[in-house]
file query_29.pdb (PDB, C-alpha atoms)
ATOM      1  CA  MET A   1      49.887 146.525  67.333
ATOM      2  CA  ASN A   2      51.118 147.958  70.578
ATOM      3  CA  ASN A   3      54.361 149.846  71.067
ATOM      4  CA  ARG A   4      56.442 146.801  72.036
ATOM      5  CA  ILE A   5      57.686 146.097  68.505
ATOM      6  CA  GLU A   6      58.551 149.782  68.081
ATOM      7  CA  GLN A   7      60.433 149.684  71.389
ATOM      8  CA  ILE A   8      62.371 146.587  70.360
ATOM      9  CA  THR A   9      63.212 148.106  66.971
ATOM     10  CA  GLY A  10      64.325 151.319  68.677
ATOM     11  CA  GLN A  11      66.571 149.356  71.042
ATOM     12  CA  VAL A  12      68.102 147.484  68.129
ATOM     13  CA  LEU A  13      68.635 150.701  66.166
ATOM     14  CA  ASP A  14      70.322 152.280  69.184
ATOM     15  CA  GLN A  15      72.714 149.311  69.348
ATOM     16  CA  VAL A  16      73.399 149.019  65.627
ATOM     17  CA  VAL A  17      73.416 152.693  64.583
ATOM     18  CA  PRO A  18      74.144 154.796  67.662
ATOM     19  CA  GLU A  19      75.722 157.547  65.575
ATOM     20  CA  THR A  20      72.711 158.412  63.397
ATOM     21  CA  TRP A  21      69.884 156.840  61.468
ATOM     22  CA  THR A  22      70.764 158.787  58.321
ATOM     23  CA  THR A  23      73.864 156.707  57.540
ATOM     24  CA  LEU A  24      72.034 153.412  57.181
ATOM     25  CA  GLY A  25      73.338 151.191  54.404
ATOM     26  CA  TYR A  26      72.109 147.822  53.191
ATOM     27  CA  ASP A  27      74.284 145.867  55.636
ATOM     28  CA  LYS A  28      73.040 147.902  58.603
ATOM     29  CA  ILE A  29      69.433 147.460  57.553
ATOM     30  CA  LYS A  30      69.895 143.666  57.268
ATOM     31  CA  GLU A  31      71.493 143.602  60.725
ATOM     32  CA  ILE A  32      68.608 145.645  62.145
ATOM     33  CA  GLN A  33      66.082 143.254  60.631
ATOM     34  CA  TYR A  34      67.927 140.203  61.971
ATOM     35  CA  ARG A  35      68.309 141.604  65.464
ATOM     36  CA  THR A  36      64.694 142.767  65.588
ATOM     37  CA  VAL A  37      63.371 139.361  64.585
ATOM     38  CA  GLU A  38      65.734 137.659  67.044
ATOM     39  CA  ALA A  39      64.518 139.900  69.887
ATOM     40  CA  VAL A  40      60.854 139.292  69.028
ATOM     41  CA  VAL A  41      61.314 135.520  68.883
ATOM     42  CA  LYS A  42      63.123 135.512  72.244
ATOM     43  CA  GLU A  43      60.347 137.561  73.805
ATOM     44  CA  CYS A  44      57.710 135.198  72.374
ATOM     45  CA  ALA A  45      59.519 132.235  73.865
ATOM     46  CA  GLU A  46      59.717 133.971  77.244
ATOM     47  CA  GLU A  47      55.966 134.665  77.195
ATOM     48  CA  ILE A  48      55.178 131.008  76.492
ATOM     49  CA  LEU A  49      57.666 129.753  79.109
ATOM     50  CA  LYS A  50      55.741 131.677  81.765
ATOM     51  CA  TRP A  51      53.060 128.999  81.380
ATOM     52  CA  ARG A  52      55.328 125.948  81.820
ATOM     53  CA  SER A  53      54.352 125.362  85.442
ATOM     54  CA  GLU A  54      50.627 125.235  84.705
ATOM     55  CA  PRO A  55      49.001 121.831  85.384
ATOM     56  CA  PHE A  56      47.434 121.604  81.926
ATOM     57  CA  PRO A  57      49.009 121.151  78.493
ATOM     58  CA  LEU A  58      49.473 124.341  76.496
ATOM     59  CA  ASP A  59      47.204 124.361  73.472
ATOM     60  CA  PRO A  60      49.009 125.783  70.387
ATOM     61  CA  GLU A  61      46.092 128.103  69.615
ATOM     62  CA  PHE A  62      46.148 129.381  73.186
ATOM     63  CA  ALA A  63      49.911 129.931  72.912
ATOM     64  CA  ALA A  64      49.465 131.879  69.687
ATOM     65  CA  ASN A  65      46.831 134.055  71.368
ATOM     66  CA  ILE A  66      49.192 134.752  74.285
ATOM     67  CA  ILE A  67      51.858 135.992  71.862
ATOM     68  CA  LYS A  68      49.387 138.068  69.846
ATOM     69  CA  GLN A  69      47.977 139.629  72.998
ATOM     70  CA  HIS A  70      51.482 140.403  74.306
ATOM     71  CA  PHE A  71      52.311 142.329  71.118
ATOM     72  CA  GLY A  72      48.847 143.830  70.689
ATOM     73  CA  VAL A  73      48.136 142.018  67.417
ATOM     74  CA  LYS A  74      44.543 141.082  66.567
TER      75      LYS A  74
END

call {"tool": "encode", "arguments": {"input": "query_29.pdb", "output": "structure tokens"}}
result
Amino acid sequence: MNNRIEQITGQVLDQVVPETWTTLGYDKIKEIQYRTVEAVVKECAEEILKWRSEPFPLDPEFAANIIKQHFGVK
């Protein structure tokens, strides 16, 4: 994977736990997980929407490859 997921997780951690990472409790960890997944899904949707003006239908396999490539996943 590339650094994008790490960057997103870091951004979420900065928002959720700006004071320190050492005081994480269960509730904070669940919030971090939720916000990270939410940010990744939004970014996936944005990547796919970049193709909406193309004159051909978007093949689901092609869309999946766009998302994988964006995040550096093989």

call {"tool": "residues_near_point", "arguments": {"input": "query_29.pdb", "point": "(51.3, 133.6, 68.1)", "cutoff": "12 Å", "atoms": "all atoms listed in the file", "output": "PyMOL selection string"}}
result
chain A and resi 40-41+43-45+47-48+59-74

call {"tool": "atom_distance", "arguments": {"input": "query_29.pdb", "atom1": "CA of Leu13 (chain A)", "atom2": "CA of Lys28 (chain A)"}}
result
9.2 Å

call {"tool": "resolve_selection", "arguments": {"input": "query_29.pdb", "expression": "the PyMOL selection byres ((chain A and resi 35) around 10)", "output": "ChimeraX atom specification"}}
result
/A:8-9,11-13,15-16,29-34,36-41

call {"tool": "atom_distance", "arguments": {"input": "query_29.pdb", "atom1": "CA of Leu24 (chain A)", "atom2": "CA of Gln7 (chain A)"}}
result
18.7 Å

call {"tool": "atom_distance", "arguments": {"input": "query_29.pdb", "atom1": "CA of Glu19 (chain A)", "atom2": "CA of Arg4 (chain A)"}}
result
23.0 Å

call {"tool": "axis_aligned_box", "arguments": {"input": "query_29.pdb", "around": "region 19-35 of chain A", "padding_each_side": "6 Å", "output": "AutoDock Vina command-line options"}}
result
--center_x 70.9 --center_y 149.5 --center_z 59.4 --size_x 21.6 --size_y 30.6 --size_z 24.4

call {"tool": "build_atoms", "arguments": {"input": "query_29.pdb", "residues": "region 3-18 of chain A", "atoms": "N, CA and C atoms", "output": "mmCIF file, in the coordinates of the input"}}
result
data_model
loop_
_atom_site.group_PDB
_atom_site.id
_atom_site.type_symbol
_atom_site.label_atom_id
_atom_site.label_comp_id
_atom_site.auth_asym_id
_atom_site.auth_seq_id
_atom_site.Cartn_x
_atom_site.Cartn_y
_atom_site.Cartn_z
ATOM 1 N N ASN A 3 53.065 149.199 71.253
ATOM 2 C CA ASN A 3 54.361 149.846 71.067
ATOM 3 C C ASN A 3 55.546 148.922 71.287
ATOM 4 N N ARG A 4 55.317 147.678 71.693
ATOM 5 C CA ARG A 4 56.442 146.801 72.036
ATOM 6 C C ARG A 4 57.374 146.563 70.851
ATOM 7 N N ILE A 5 56.828 146.321 69.664
ATOM 8 C CA ILE A 5 57.686 146.097 68.505
ATOM 9 C C ILE A 5 58.470 147.363 68.187
ATOM 10 N N GLU A 6 57.836 148.526 68.300
ATOM 11 C CA GLU A 6 58.551 149.782 68.081
ATOM 12 C C GLU A 6 59.670 149.954 69.108
ATOM 13 N N GLN A 7 59.406 149.581 70.359
ATOM 14 C CA GLN A 7 60.433 149.684 71.389
ATOM 15 C C GLN A 7 61.611 148.763 71.081
ATOM 16 N N ILE A 8 61.308 147.538 70.685
ATOM 17 C CA ILE A 8 62.371 146.587 70.360
ATOM 18 C C ILE A 8 63.185 147.102 69.177
ATOM 19 N N THR A 9 62.507 147.581 68.138
ATOM 20 C CA THR A 9 63.212 148.106 66.971
ATOM 21 C C THR A 9 64.075 149.306 67.366
ATOM 22 N N GLY A 10 63.545 150.171 68.205
ATOM 23 C CA GLY A 10 64.325 151.319 68.677
ATOM 24 C C GLY A 10 65.561 150.889 69.450
ATOM 25 N N GLN A 11 65.427 149.873 70.293
ATOM 26 C CA GLN A 11 66.571 149.356 71.042
ATOM 27 C C GLN A 11 67.629 148.803 70.094
ATOM 28 N N VAL A 12 67.169 148.059 69.103
ATOM 29 C CA VAL A 12 68.102 147.484 68.129
ATOM 30 C C VAL A 12 68.793 148.600 67.346
ATOM 31 N N LEU A 13 68.029 149.582 66.897
ATOM 32 C CA LEU A 13 68.635 150.701 66.166
ATOM 33 C C LEU A 13 69.657 151.435 67.023
ATOM 34 N N ASP A 14 69.372 151.622 68.294
ATOM 35 C CA ASP A 14 70.322 152.280 69.184
ATOM 36 C C ASP A 14 71.618 151.484 69.299
ATOM 37 N N GLN A 15 71.520 150.159 69.264
ATOM 38 C CA GLN A 15 72.714 149.311 69.348
ATOM 39 C C GLN A 15 73.483 149.299 68.035
ATOM 40 N N VAL A 16 72.766 149.196 66.928
ATOM 41 C CA VAL A 16 73.399 149.019 65.627
ATOM 42 C C VAL A 16 73.888 150.350 65.051
ATOM 43 N N VAL A 17 73.098 151.408 65.203
ATOM 44 C CA VAL A 17 73.416 152.693 64.583
ATOM 45 C C VAL A 17 73.355 153.804 65.633
ATOM 46 N N PRO A 18 74.233 153.769 66.630
ATOM 47 C CA PRO A 18 74.144 154.796 67.662
ATOM 48 C C PRO A 18 74.509 156.190 67.149
#
